[in-house]
>>> print(open('data-v7.tsv').read())   # TSV, C-alpha atoms and all ligand atoms
chain	number	residue	atom	x	y	z
Y	1	MET	CA	102.45	11.15	63.14
Y	2	THR	CA	103.20	14.21	65.30
Y	3	ALA	CA	104.29	13.58	68.86
Y	4	LYS	CA	101.84	14.74	71.54
Y	5	ASN	CA	102.99	17.91	73.33
Y	6	PRO	CA	104.15	17.29	76.89
Y	7	VAL	CA	101.83	18.81	79.51
Y	8	ILE	CA	104.91	20.12	81.31
Y	9	SER	CA	108.55	20.48	80.29
Y	10	SER	CA	111.00	18.05	81.89
Y	11	ASP	CA	113.69	20.76	82.30
Y	12	LYS	CA	113.51	21.38	86.07
Y	13	ILE	CA	112.01	18.07	87.14
Y	14	PRO	CA	114.13	15.15	88.43
Y	15	GLU	CA	114.06	12.41	85.79
Y	16	ALA	CA	112.75	9.74	88.13
Y	17	LEU	CA	109.75	11.87	89.12
Y	18	TYR	CA	108.90	13.35	85.73
Y	19	PRO	CA	106.36	10.72	84.57
Y	20	VAL	CA	104.43	11.00	87.84
Y	21	ILE	CA	104.42	14.80	87.74
Y	22	GLU	CA	103.28	14.64	84.13
Y	23	SER	CA	100.39	12.35	85.10
Y	24	LEU	CA	99.39	14.61	87.98
Y	25	CYS	CA	99.38	17.54	85.55
Y	26	SER	CA	97.30	15.67	82.94
Y	27	VAL	CA	94.67	14.68	85.48
Y	28	SER	CA	94.56	18.18	86.93
Y	29	ILE	CA	93.98	19.67	83.46
Y	30	ASP	CA	90.92	17.39	83.15
Y	31	ILE	CA	89.78	18.39	86.64
Y	32	ALA	CA	90.22	22.09	85.82
Y	33	LYS	CA	87.91	21.65	82.81
Y	34	ILE	CA	85.25	20.02	84.97
Y	35	ILE	CA	85.52	22.77	87.60
Y	36	ALA	CA	85.39	25.51	84.95
Y	37	ARG	CA	82.03	24.21	83.70
Y	38	GLY	CA	80.55	24.49	87.20
Y	39	PRO	CA	76.77	24.16	87.09
Y	40	LEU	CA	76.87	23.62	83.30
Y	41	GLY	CA	78.30	20.18	83.97
Y	42	GLN	CA	77.68	17.60	86.63
Y	43	SER	CA	76.69	18.63	90.15
Y	44	LEU	CA	79.99	18.88	92.05
Y	45	GLY	CA	79.35	20.57	95.37
Y	46	HIS	CA	76.69	18.35	96.91
Y	47	GLU	CA	77.49	16.18	99.93
Y	48	VAL	CA	77.83	12.50	99.11
Y	49	GLY	CA	78.90	11.19	102.52
Y	50	GLU	CA	81.73	11.40	105.04
Y	51	ASN	CA	85.35	10.34	104.87
Y	52	SER	CA	86.99	8.16	107.53
Y	53	ASP	CA	87.48	11.17	109.82
Y	54	GLY	CA	83.91	12.34	109.67
Y	55	ASP	CA	84.60	15.25	107.28
Y	56	GLY	CA	81.81	15.85	104.78
Y	57	GLN	CA	82.69	14.55	101.31
Y	58	LYS	CA	81.52	16.40	98.22
Y	59	ALA	CA	80.93	14.79	94.83
Y	60	LEU	CA	84.07	16.51	93.49
Y	61	ASP	CA	86.19	15.11	96.37
Y	62	VAL	CA	85.25	11.58	95.37
Y	63	LEU	CA	85.48	12.16	91.61
Y	64	THR	CA	88.96	13.75	91.79
Y	65	ASP	CA	90.23	10.96	94.05
Y	66	GLU	CA	89.10	8.39	91.48
Y	67	MET	CA	90.62	10.39	88.62
Y	68	PHE	CA	94.07	10.66	90.28
Y	69	ALA	CA	94.13	7.00	91.36
Y	70	GLU	CA	93.22	5.97	87.81
Y	71	GLY	CA	95.70	8.36	86.17
Y	72	LEU	CA	98.58	7.17	88.36
Y	73	ARG	CA	97.82	3.44	88.16
Y	74	THR	CA	100.29	2.80	85.34
Y	75	GLN	CA	102.99	5.03	86.82
Y	76	ASP	CA	105.88	4.29	89.17
Y	77	VAL	CA	103.58	4.77	92.20
Y	78	ARG	CA	103.29	1.77	94.47
Y	79	TRP	CA	101.41	3.35	97.38
Y	80	TYR	CA	98.60	5.88	97.04
Y	81	ALA	CA	97.39	7.55	100.26
Y	82	SER	CA	94.41	9.83	99.78
Y	83	GLU	CA	92.74	12.09	102.31
Y	84	GLU	CA	89.49	10.70	100.94
Y	85	GLN	CA	90.31	7.07	101.73
Y	86	GLU	CA	90.81	5.35	105.06
Y	87	GLU	CA	93.64	3.03	103.97
Y	88	VAL	CA	96.61	3.27	101.62
Y	89	VAL	CA	95.89	1.73	98.20
Y	90	GLU	CA	98.46	-0.28	96.23
Y	91	LEU	CA	98.49	0.98	92.63
Y	92	ASN	CA	101.52	-0.55	90.89
Y	93	PRO	CA	103.21	-3.36	92.89
Y	94	LYS	CA	106.45	-2.67	90.99
Y	95	GLY	CA	106.36	1.09	91.68
Y	96	SER	CA	109.16	2.75	93.64
Y	97	LEU	CA	107.24	5.80	94.90
Y	98	ALA	CA	104.60	6.60	97.53
Y	99	LEU	CA	102.21	9.44	96.79
Y	100	ALA	CA	100.02	11.23	99.35
Y	101	ILE	CA	97.25	13.43	98.01
Y	102	ASP	CA	94.44	15.72	99.04
Y	103	PRO	CA	92.67	15.43	95.68
Y	104	LEU	CA	90.42	18.43	96.25
Y	105	ASP	CA	91.32	20.89	98.98
Y	106	GLY	CA	88.87	23.61	100.01
Y	107	SER	CA	85.67	21.70	99.24
Y	108	SER	CA	83.50	24.33	100.92
Y	109	ASN	CA	84.41	26.64	98.02
Y	110	ILE	CA	83.47	24.27	95.17
Y	111	ASP	CA	80.07	25.74	94.39
Y	112	VAL	CA	80.94	29.40	95.08
Y	113	ASN	CA	83.53	29.77	92.28
Y	114	VAL	CA	86.47	30.45	94.61
Y	115	SER	CA	89.95	28.91	94.17
Y	116	ILE	CA	90.37	25.30	95.25
Y	117	GLY	CA	93.28	22.92	94.72
Y	118	THR	CA	95.00	19.55	94.79
Y	119	ILE	CA	97.90	19.05	97.25
Y	120	PHE	CA	100.42	16.21	96.84
Y	121	SER	CA	103.57	14.84	98.36
Y	122	ILE	CA	105.94	12.14	97.07
Y	123	TYR	CA	108.23	9.80	99.06
Y	124	ASP	CA	110.22	6.77	98.05
Y	125	ALA	CA	108.12	3.66	98.69
Y	126	LYS	CA	108.94	1.32	101.57
Y	127	PRO	CA	107.91	-2.34	101.45
Y	128	GLU	CA	104.97	-1.72	103.74
Y	129	ALA	CA	102.14	0.68	102.90
Y	130	ASN	CA	101.82	2.74	106.09
Y	131	GLU	CA	105.53	2.99	106.84
Y	132	SER	CA	105.90	4.72	103.44
Y	133	PHE	CA	103.99	7.69	104.88
Y	134	LEU	CA	104.60	7.53	108.65
Y	135	ARG	CA	107.92	9.35	108.47
Y	136	ILE	CA	109.59	12.71	108.89
Y	137	ALA	CA	108.33	15.44	106.56
Y	138	ASN	CA	111.85	16.29	105.42
Y	139	GLU	CA	112.05	12.87	103.71
Y	140	GLN	CA	109.69	14.12	100.97
Y	141	LEU	CA	111.08	13.91	97.43
Y	142	ALA	CA	108.53	16.41	96.17
Y	143	GLY	CA	105.70	18.52	97.53
Y	144	GLY	CA	103.30	20.68	95.60
Y	145	TYR	CA	99.83	21.81	94.71
Y	146	VAL	CA	97.70	22.61	91.69
Y	147	ILE	CA	95.48	25.65	92.13
Y	148	TYR	CA	92.20	25.85	90.20
Y	149	GLY	CA	91.54	29.59	90.19
Y	150	PRO	CA	91.27	32.41	87.66
Y	151	GLN	CA	94.50	30.79	86.41
Y	152	VAL	CA	95.33	27.13	86.86
Y	153	GLY	CA	98.80	26.82	88.32
Y	154	LEU	CA	101.27	24.26	89.62
Y	155	VAL	CA	103.64	25.13	92.45
Y	156	VAL	CA	106.12	22.38	93.25
Y	157	THR	CA	109.42	21.73	94.98
Y	158	PHE	CA	111.93	18.92	94.64
Y	159	GLY	CA	114.11	20.32	97.41
Y	160	ALA	CA	116.02	22.81	95.28
Y	161	GLY	CA	113.76	25.88	95.42
Y	162	THR	CA	110.08	26.36	94.67
Y	163	LEU	CA	108.94	26.34	91.04
Y	164	GLN	CA	105.81	28.06	89.76
Y	165	TYR	CA	104.01	27.06	86.56
Y	166	VAL	CA	100.86	28.46	84.97
Y	167	LEU	CA	98.65	26.42	82.65
Y	168	ASP	CA	98.41	27.78	79.14
Y	169	PRO	CA	94.83	26.70	78.48
Y	170	ASP	CA	95.18	26.89	74.70
Y	171	ALA	CA	98.30	24.76	74.54
Y	172	GLY	CA	97.26	22.49	77.43
Y	173	GLU	CA	100.73	22.90	78.91
Y	174	PHE	CA	102.01	24.09	82.29
Y	175	ILE	CA	104.60	26.82	81.57
Y	176	LEU	CA	107.34	27.69	84.06
Y	177	VAL	CA	106.92	31.33	85.13
Y	178	ASN	CA	109.23	31.44	88.16
Y	179	ASP	CA	112.05	29.02	88.96
Y	180	ALA	CA	112.82	30.48	92.39
Y	181	LEU	CA	109.64	31.63	94.07
Y	182	THR	CA	110.58	33.67	97.15
Y	183	ILE	CA	108.13	34.80	99.84
Y	184	PRO	CA	108.27	38.58	100.26
Y	185	ASP	CA	108.66	39.57	103.92
Y	186	ASN	CA	107.05	42.99	103.81
Y	187	SER	CA	103.37	41.99	103.87
Y	188	ASN	CA	101.21	42.70	106.90
Y	189	GLU	CA	98.45	40.26	106.10
Y	190	PHE	CA	97.35	37.53	108.44
Y	191	ALA	CA	94.96	34.67	107.70
Y	192	ILE	CA	93.05	32.88	110.42
Y	193	ASN	CA	89.44	31.84	110.93
Y	194	ALA	CA	88.66	34.57	113.46
Y	195	SER	CA	85.26	33.08	114.31
Y	196	ASN	CA	87.21	30.60	116.47
Y	197	TYR	CA	88.75	33.36	118.59
Y	198	ARG	CA	87.09	32.23	121.81
Y	199	HIS	CA	88.47	28.69	121.38
Y	200	TRP	CA	92.12	29.68	120.80
Y	201	ARG	CA	94.87	29.35	123.35
Y	202	LYS	CA	96.42	32.48	124.86
Y	203	PRO	CA	99.54	32.76	122.66
Y	204	VAL	CA	97.44	32.77	119.49
Y	205	ARG	CA	94.93	35.24	120.92
Y	206	ALA	CA	97.76	37.54	122.02
Y	207	PHE	CA	99.43	37.40	118.59
Y	208	ILE	CA	96.18	38.23	116.77
Y	209	ASP	CA	95.22	40.90	119.32
Y	210	ASP	CA	98.51	42.63	118.60
Y	211	CYS	CA	97.87	42.51	114.85
Y	212	VAL	CA	94.33	43.86	115.25
Y	213	ALA	CA	95.55	46.66	117.54
Y	214	GLY	CA	97.49	48.02	114.56
Y	215	THR	CA	99.34	51.30	115.10
Y	216	ASP	CA	97.76	51.64	118.56
Y	217	GLY	CA	99.24	48.35	119.74
Y	218	PRO	CA	102.72	47.03	120.50
Y	219	ARG	CA	103.42	46.26	116.83
Y	220	GLU	CA	102.83	49.91	115.91
Y	221	GLU	CA	101.72	48.98	112.42
Y	222	ASN	CA	98.43	48.14	110.76
Y	223	PHE	CA	97.54	44.66	109.54
Y	224	ASN	CA	95.00	43.35	107.06
Y	225	MET	CA	93.12	40.07	107.28
Y	226	ARG	CA	92.27	37.53	104.56
Y	227	TRP	CA	90.57	34.15	105.04
Y	228	VAL	CA	89.55	32.21	101.95
Y	229	GLY	CA	88.86	28.83	103.54
Y	230	SER	CA	91.01	27.04	100.92
Y	231	LEU	CA	94.48	26.17	102.16
Y	232	VAL	CA	95.83	26.17	98.59
Y	233	ALA	CA	94.52	29.68	97.95
Y	234	GLU	CA	96.02	30.99	101.21
Y	235	ALA	CA	99.37	29.31	100.46
Y	236	HIS	CA	99.37	30.74	96.94
Y	237	ARG	CA	98.68	34.26	98.22
Y	238	ILE	CA	101.41	34.01	100.85
Y	239	LEU	CA	103.93	32.59	98.36
Y	240	THR	CA	103.07	35.48	96.05
Y	241	ARG	CA	102.95	38.44	98.42
Y	242	GLY	CA	103.89	37.26	101.92
Y	243	GLY	CA	102.00	37.27	105.21
Y	244	ILE	CA	101.12	34.58	107.71
Y	245	PHE	CA	98.55	31.77	107.93
Y	246	LEU	CA	97.43	30.15	111.17
Y	247	TYR	CA	95.26	27.10	111.78
Y	248	PRO	CA	96.11	26.53	115.44
Y	249	SER	CA	94.89	23.90	117.83
Y	250	ASP	CA	91.89	25.07	119.83
Y	251	ALA	CA	89.52	24.05	122.58
Y	252	ARG	CA	86.79	22.56	120.40
Y	253	PRO	CA	86.47	18.79	120.64
Y	254	GLY	CA	88.37	17.29	117.71
Y	255	TYR	CA	90.57	20.40	117.25
Y	256	GLU	CA	93.21	19.49	119.87
Y	257	ASP	CA	95.70	19.25	116.99
Y	258	GLY	CA	94.09	21.83	114.76
Y	259	ARG	CA	92.25	20.85	111.62
Y	260	LEU	CA	94.77	20.21	108.87
Y	261	ARG	CA	96.32	16.83	108.03
Y	262	MET	CA	100.04	16.40	108.39
Y	263	THR	CA	100.54	13.98	105.48
Y	264	TYR	CA	98.16	15.40	102.90
Y	265	GLU	CA	98.33	19.13	103.63
Y	266	CYS	CA	100.89	20.36	106.17
Y	267	ALA	CA	104.01	18.43	105.07
Y	268	PRO	CA	103.85	19.43	101.37
Y	269	ILE	CA	102.86	23.04	102.13
Y	270	ALA	CA	105.70	23.32	104.69
Y	271	PHE	CA	108.16	21.93	102.10
Y	272	LEU	CA	107.06	24.54	99.52
Y	273	ILE	CA	107.15	27.38	102.03
Y	274	GLU	CA	110.61	26.54	103.38
Y	275	GLN	CA	112.00	26.17	99.88
Y	276	ALA	CA	110.64	29.66	99.14
Y	277	GLY	CA	112.48	31.13	102.14
Y	278	GLY	CA	109.56	31.08	104.58
Y	279	LYS	CA	108.87	29.04	107.70
Y	280	ALA	CA	106.19	26.54	108.74
Y	281	THR	CA	105.69	25.38	112.32
Y	282	ASP	CA	103.09	23.95	114.66
Y	283	GLY	CA	103.41	27.17	116.65
Y	284	SER	CA	106.85	26.28	118.00
Y	285	ASP	CA	108.54	23.47	116.09
Y	286	PRO	CA	109.22	23.15	112.35
Y	287	ILE	CA	106.69	20.98	110.51
Y	288	MET	CA	109.56	19.59	108.38
Y	289	LYS	CA	110.98	17.90	111.49
Y	290	HIS	CA	107.67	16.33	112.52
Y	291	SER	CA	107.20	12.62	112.13
Y	292	VAL	CA	103.72	11.31	111.51
Y	293	SER	CA	102.19	8.86	113.95
Y	294	LYS	CA	99.10	7.90	111.99
Y	295	LEU	CA	98.01	8.31	108.42
Y	296	HIS	CA	95.29	10.90	108.98
Y	297	ALA	CA	97.01	12.71	111.88
Y	298	ARG	CA	96.37	16.44	112.20
Y	299	THR	CA	98.73	19.18	113.36
Y	300	PRO	CA	98.44	22.89	114.07
Y	301	LEU	CA	99.90	24.78	111.09
Y	302	ILE	CA	101.42	28.25	111.08
Y	303	PHE	CA	103.32	29.32	107.97
Y	304	GLY	CA	104.45	32.30	105.96
Y	305	SER	CA	107.11	35.00	106.07
Y	306	ALA	CA	109.88	33.85	108.41
Y	307	ASP	CA	109.85	36.86	110.75
Y	308	LYS	CA	106.11	36.53	111.40
Y	309	VAL	CA	106.22	32.79	112.02
Y	310	ASP	CA	109.15	33.34	114.41
Y	311	ARG	CA	107.12	35.92	116.27
Y	312	VAL	CA	104.29	33.44	116.86
Y	313	ALA	CA	106.88	31.07	118.36
Y	314	THR	CA	108.02	33.77	120.80
Y	315	TYR	CA	104.44	34.08	122.10
Y	316	HIS	CA	104.38	30.31	122.62
Y	317	ASP	CA	107.72	30.50	124.45
Y	318	LEU	CA	106.49	33.09	126.97
Y	319	PRO	CA	105.74	31.70	130.43
Y	320	GLU	CA	101.97	31.25	130.93
Y	321	GLN	CA	101.70	34.10	133.48
Y	322	GLU	CA	103.35	36.57	131.10
Y	323	VAL	CA	101.01	35.69	128.24
Y	324	SER	CA	98.14	35.99	130.71
Y	325	ALA	CA	99.31	39.45	131.73
Y	326	LEU	CA	99.60	40.54	128.12
Y	327	PHE	CA	96.31	38.93	127.32
Y	328	GLY	CA	94.59	40.76	130.22
Y	329	LYS	CA	95.59	44.10	128.67
Y	330	ARG	CA	94.52	43.07	125.19
Y	331	GLY	CA	91.49	40.89	124.48
Y	332	LEU	CA	90.53	43.22	121.67
Y	333	PHE	CA	87.84	41.03	120.26
Y	334	ARG	CA	86.12	41.12	123.63
Y	335	THR	CA	83.60	43.82	124.41
H	401	LIG	O1	91.23	21.08	105.10
H	401	LIG	C1	90.27	21.66	104.39
H	401	LIG	C2	90.12	23.14	104.52
H	401	LIG	O2	89.07	23.50	103.66
H	401	LIG	C3	91.36	23.99	104.19
H	401	LIG	O3	91.54	24.11	102.81
H	401	LIG	C4	91.06	25.30	104.87
H	401	LIG	O4	92.22	26.01	105.22
H	401	LIG	C5	90.31	24.85	106.10
H	401	LIG	O5	89.78	23.55	105.84
H	401	LIG	C6	89.17	25.79	106.44
H	401	LIG	O6	88.71	25.46	107.68
H	401	LIG	P1	87.50	26.24	108.41
H	401	LIG	O7	86.28	25.85	107.64
H	401	LIG	O8	87.53	25.73	109.80
H	401	LIG	O9	87.76	27.70	108.30
>>> encode(input="data-v7.tsv", output="C-alpha cells", more="lines below")
Ligand code: F6P
Amino acid sequence: MTAKNPVISSDKIPEALYPVIESLCSVSIDIAKIIARGPLGQSLGHEVGENSDGDGQKALDVLTDEMFAEGLRTQDVRWYASEEQEEVVELNPKGSLALAIDPLDGSSNIDVNVSIGTIFSIYDAKPEANESFLRIANEQLAGGYVIYGPQVGLVVTFGAGTLQYVLDPDAGEFILVNDALTIPDNSNEFAINASNYRHWRKPVRAFIDDCVAGTDGPREENFNMRWVGSLVAEAHRILTRGGIFLYPSDARPGYEDGRLRMTYECAPIAFLIEQAGGKATDGSDPIMKHSVSKLHARTPLIFGSADKVDRVATYHDLPEQEVSALFGKRGLFRT
C-alpha cells in the first residue's frame, strides 16, 4: 500500500503543531473545491441568519465552521473558538491547544468570485475555555490564513518569520514558495472603506486627505487606493507588495472599536505582518500587545509597511487643535 501524500511538508512547522496545521490544510482544500464550483454546486452566498454579534451569516460561513470543527475534532485541539459561534466549543478534552478561527472571512465576496479566506490563530490551551483566548496577542503559537483566490495559498507564522505556501491543485499539496515573506516598503497604496469618510475621526481623515492630495499635498507623492472588502485579500496584497490597510473606529453606532475582531482576525493578521517586517496597531498601540477582554471583542486595525503605520500613529499623537487646524486646510473629500 502506498502512503498518502502529506498535504503540506513538515519541514518548517513545529512538530507539536504539524498535525493541526495538516488538518487545517486538508479541510481548506475541500473548502477550496466547494468554492471553485460556485453556482455549479450548492448555493453558498445566501443569508441563513445572524451570528451572536448580529452579523449576517451566509451558508458558506456555517458550512466551513462545521467542516473545520469536524476536521479538528480528533486533533490536539481542546478549545475551538469560532467567529460564527457565541461560545467556545470543547473538541478533544485531552487536547493541549486552543484554536481561534474565522472560518470564512469576506463573506460579502462569496457570490462575486473575489478572493475570500480562512483566518486562524493557535494558543496553548488553559484549563478554562475563555481564558485560553482572553490573553495577549503575542502569546500566539501560530497565526495564519488560507486564501481562496485565483491560487489557493497558506500564509502562516510560528514566530520565526512568515511562510508562504501555494496549493498545487494537481498534487493536492501546499508547496512552500517563500520561507521569509517580507513586506516591501515602497508601495503607495492605501486600503480603507472610503464611504465611511464622514464617520472617521480627525487623525484618520487627515491621513487619508494627505494621501489623496498626492503631489499637491504635504506628502508630495501620489497614492493609489484598493478596497476589496476581504481582510485576507488585503493582507495578502500588502504582504506581497506593501501598502497600508485601515479599518479604524468611527462614529457609527457599533463601530466605536472598528469592525474587525481581535481574536479571530486582528491578532493573527498582526502576528503575520510583524513577522514579515511590517507593523499592526489600533492607530497608536501595537495589536500584539493588546489583551482581549471578551471573546468577540473588536479593535481598530491599521497594518502594513512600517513607515506608513508609524505615520498614522503620528497623526493620532498630534494635539486635537493641531489636527483640527490641519483638517481645516484639507477636507479633500468635502465639496
Ligand atoms: O470582517 C469581515 C470583513 O468582510 C473583512 O474581511 C473586511 O475587511 C471587512 O469586513 C469589510 O467591511 P466593510 O463591509 O465595512 O467594508
>>> closest_residue(input="data-v7.tsv", among="Y:Asp102, Y:Glu173, Y:Glu50, Y:Asp11", to="ligand LIG 401 (chain H)", atoms="all atoms listed in the file")
Y:Asp102
>>> closest_atom_pairs(input="data-v7.tsv", of="chain Y", to="ligand LIG 401 (chain H)", cutoff="8 Å", atoms="all atoms listed in the file", output="tab-separated table")
residue	atom	partner	partner_atom	distance
Y:Asp105	CA	H:LIG401	O3	5.0
Y:Gly106	CA	H:LIG401	O2	3.7
Y:Ser107	CA	H:LIG401	O2	5.9
Y:Ser108	CA	H:LIG401	O2	6.3
Y:Asn109	CA	H:LIG401	O2	8.0
Y:Ile116	CA	H:LIG401	O3	7.7
Y:Ile192	CA	H:LIG401	O9	7.7
Y:Asn193	CA	H:LIG401	O9	5.2
Y:Trp227	CA	H:LIG401	O9	7.8
Y:Val228	CA	H:LIG401	O4	7.5
Y:Gly229	CA	H:LIG401	C6	4.2
Y:Ser230	CA	H:LIG401	O3	3.5
Y:Leu231	CA	H:LIG401	O3	3.6
Y:Val232	CA	H:LIG401	O3	6.4
Y:Ala233	CA	H:LIG401	O3	8.0
Y:Glu234	CA	H:LIG401	O4	7.4
Y:Tyr247	CA	H:LIG401	O4	7.3
Y:Arg259	CA	H:LIG401	O1	6.6
Y:Leu260	CA	H:LIG401	O1	5.2
Y:Arg261	CA	H:LIG401	O1	7.2
Y:Glu265	CA	H:LIG401	O1	7.5
>>> closest_atom_pairs(input="data-v7.tsv", of="region 120-194 of chain Y", to="region 80-95 of chain Y", cutoff="12 Å", atoms="all atoms listed in the file", output="CSV")
residue,atom,partner,partner_atom,distance
Y:Phe120,CA,Y:Ser82,CA,9.2
Y:Ser121,CA,Y:Ala81,CA,9.7
Y:Ile122,CA,Y:Tyr80,CA,9.6
Y:Tyr123,CA,Y:Tyr80,CA,10.6
Y:Asp124,CA,Y:Gly95,CA,9.4
Y:Ala125,CA,Y:Gly95,CA,7.7
Y:Lys126,CA,Y:Gly95,CA,10.2
Y:Pro127,CA,Y:Pro93,CA,9.8
Y:Glu128,CA,Y:Val88,CA,10.0
Y:Ala129,CA,Y:Val88,CA,6.2
Y:Asn130,CA,Y:Val88,CA,6.9
Y:Glu131,CA,Y:Val88,CA,10.3
Y:Ser132,CA,Y:Ala81,CA,9.5
Y:Phe133,CA,Y:Ala81,CA,8.1
Y:Leu134,CA,Y:Ala81,CA,11.1
>>> atom_distance(input="data-v7.tsv", atom1="CA of Leu295 (chain Y)", atom2="CA of Pro268 (chain Y)")
14.4 Å
>>> residues_around(input="data-v7.tsv", residues="Cys211 (chain Y)", least_positions_apart="4", cutoff="12 Å", atoms="only C-alpha atoms", output="PyMOL selection string")
chain Y and resi 188-192+204-207+215-225+243-244+308+311-312+330-333
>>> residues_around(input="data-v7.tsv", residues="His290 (chain Y)", least_positions_apart="2", cutoff="6 Å", atoms="only C-alpha atoms", output="list in words")
Ile136, Ile287 and Met288 of chain Y
>>> atom_distance(input="data-v7.tsv", atom1="CA of Tyr197 (chain Y)", atom2="CA of Gly242 (chain Y)")
22.9 Å
>>> closest_residue(input="data-v7.tsv", among="Y:Ile119, Y:Val62, Y:Val292, Y:Leu167", to="Lys33 (chain Y)", atoms="all atoms listed in the file")
Y:Leu167
>>> atom_distance(input="data-v7.tsv", atom1="CA of Val77 (chain Y)", atom2="CA of Glu22 (chain Y)")
12.8 Å
>>> closest_residue(input="data-v7.tsv", among="Y:Tyr165, Y:Trp79, Y:Tyr315, Y:Tyr145", to="Cys266 (chain Y)", atoms="all atoms listed in the file")
Y:Tyr145
>>> residues_around(input="data-v7.tsv", residues="region 155-163 of chain Y", least_positions_apart="4", cutoff="6 Å", atoms="only C-alpha atoms", output="list of chain:residue names")
Y:Leu141, Y:Ala142, Y:Gly143, Y:Gly144, Y:Tyr145, Y:Asn178, Y:Asp179, Y:Ala180, Y:Leu181, Y:Leu272, Y:Gln275, Y:Ala276
>>> closest_residue(input="data-v7.tsv", among="Y:Ile147, Y:Pro248, Y:Glu47, Y:Gly304", to="Cys25 (chain Y)", atoms="only C-alpha atoms")
Y:Ile147
>>> residues_around(input="data-v7.tsv", residues="Pro19 (chain Y)", least_positions_apart="4", cutoff="8 Å", atoms="all atoms listed in the file", output="list in words")
Glu15, Ser23, Gln75 and Asp76 of chain Y
>>> closest_residue(input="data-v7.tsv", among="Y:Asn113, Y:Ser10, Y:Ser28, Y:Asn5", to="Pro150 (chain Y)", atoms="only C-alpha atoms")
Y:Asn113
>>> closest_residue(input="data-v7.tsv", among="Y:Gly71, Y:Pro300, Y:Gly254, Y:Gly172", to="Leu24 (chain Y)", atoms="only C-alpha atoms")
Y:Gly71
>>> decode(input="data-v7.tsv", residues="region 180-185 of chain Y", atoms="all heavy atoms", output="PDB file, in the first residue's frame")
ATOM      1  N   ALA Y 180      10.512  33.393   3.925  1.00  0.00           N
ATOM      2  CA  ALA Y 180      10.764  34.631   4.686  1.00  0.00           C
ATOM      3  C   ALA Y 180      10.075  35.797   3.973  1.00  0.00           C
ATOM      4  O   ALA Y 180      10.718  36.683   3.420  1.00  0.00           O
ATOM      5  CB  ALA Y 180      12.259  34.882   4.806  1.00  0.00           C
ATOM      6  N   LEU Y 181       8.755  35.735   3.973  1.00  0.00           N
ATOM      7  CA  LEU Y 181       7.983  36.792   3.314  1.00  0.00           C
ATOM      8  C   LEU Y 181       8.306  38.127   3.985  1.00  0.00           C
ATOM      9  O   LEU Y 181       8.285  38.224   5.215  1.00  0.00           O
ATOM     10  CB  LEU Y 181       6.500  36.451   3.497  1.00  0.00           C
ATOM     11  CG  LEU Y 181       5.476  36.983   2.506  1.00  0.00           C
ATOM     12  CD1 LEU Y 181       5.853  36.622   1.079  1.00  0.00           C
ATOM     13  CD2 LEU Y 181       4.114  36.396   2.840  1.00  0.00           C
ATOM     14  N   THR Y 182       8.615  39.134   3.183  1.00  0.00           N
ATOM     15  CA  THR Y 182       8.982  40.445   3.735  1.00  0.00           C
ATOM     16  C   THR Y 182       8.171  41.520   3.028  1.00  0.00           C
ATOM     17  O   THR Y 182       8.142  41.570   1.796  1.00  0.00           O
ATOM     18  CB  THR Y 182      10.494  40.716   3.495  1.00  0.00           C
ATOM     19  OG1 THR Y 182      11.216  39.583   4.009  1.00  0.00           O
ATOM     20  CG2 THR Y 182      10.962  41.966   4.215  1.00  0.00           C
ATOM     21  N   ILE Y 183       7.512  42.384   3.797  1.00  0.00           N
ATOM     22  CA  ILE Y 183       6.659  43.415   3.199  1.00  0.00           C
ATOM     23  C   ILE Y 183       7.535  44.490   2.554  1.00  0.00           C
ATOM     24  O   ILE Y 183       8.349  45.103   3.241  1.00  0.00           O
ATOM     25  CB  ILE Y 183       5.770  44.081   4.272  1.00  0.00           C
ATOM     26  CG1 ILE Y 183       4.879  43.039   4.940  1.00  0.00           C
ATOM     27  CG2 ILE Y 183       4.941  45.210   3.677  1.00  0.00           C
ATOM     28  CD1 ILE Y 183       3.933  43.606   5.974  1.00  0.00           C
ATOM     29  N   PRO Y 184       7.372  44.723   1.248  1.00  0.00           N
ATOM     30  CA  PRO Y 184       8.129  45.806   0.627  1.00  0.00           C
ATOM     31  C   PRO Y 184       7.667  47.147   1.202  1.00  0.00           C
ATOM     32  O   PRO Y 184       6.491  47.288   1.562  1.00  0.00           O
ATOM     33  CB  PRO Y 184       7.755  45.713  -0.858  1.00  0.00           C
ATOM     34  CG  PRO Y 184       7.063  44.411  -1.029  1.00  0.00           C
ATOM     35  CD  PRO Y 184       6.494  44.028   0.299  1.00  0.00           C
ATOM     36  N   ASP Y 185       8.565  48.130   1.317  1.00  0.00           N
ATOM     37  CA  ASP Y 185       8.115  49.398   1.900  1.00  0.00           C
ATOM     38  C   ASP Y 185       8.005  50.514   0.871  1.00  0.00           C
ATOM     39  O   ASP Y 185       7.895  51.673   1.211  1.00  0.00           O
ATOM     40  CB  ASP Y 185       9.019  49.810   3.080  1.00  0.00           C
ATOM     41  CG  ASP Y 185      10.471  49.828   2.698  1.00  0.00           C
ATOM     42  OD1 ASP Y 185      10.741  49.837   1.481  1.00  0.00           O
ATOM     43  OD2 ASP Y 185      11.322  49.826   3.608  1.00  0.00           O
TER      44      ASP Y 185
END
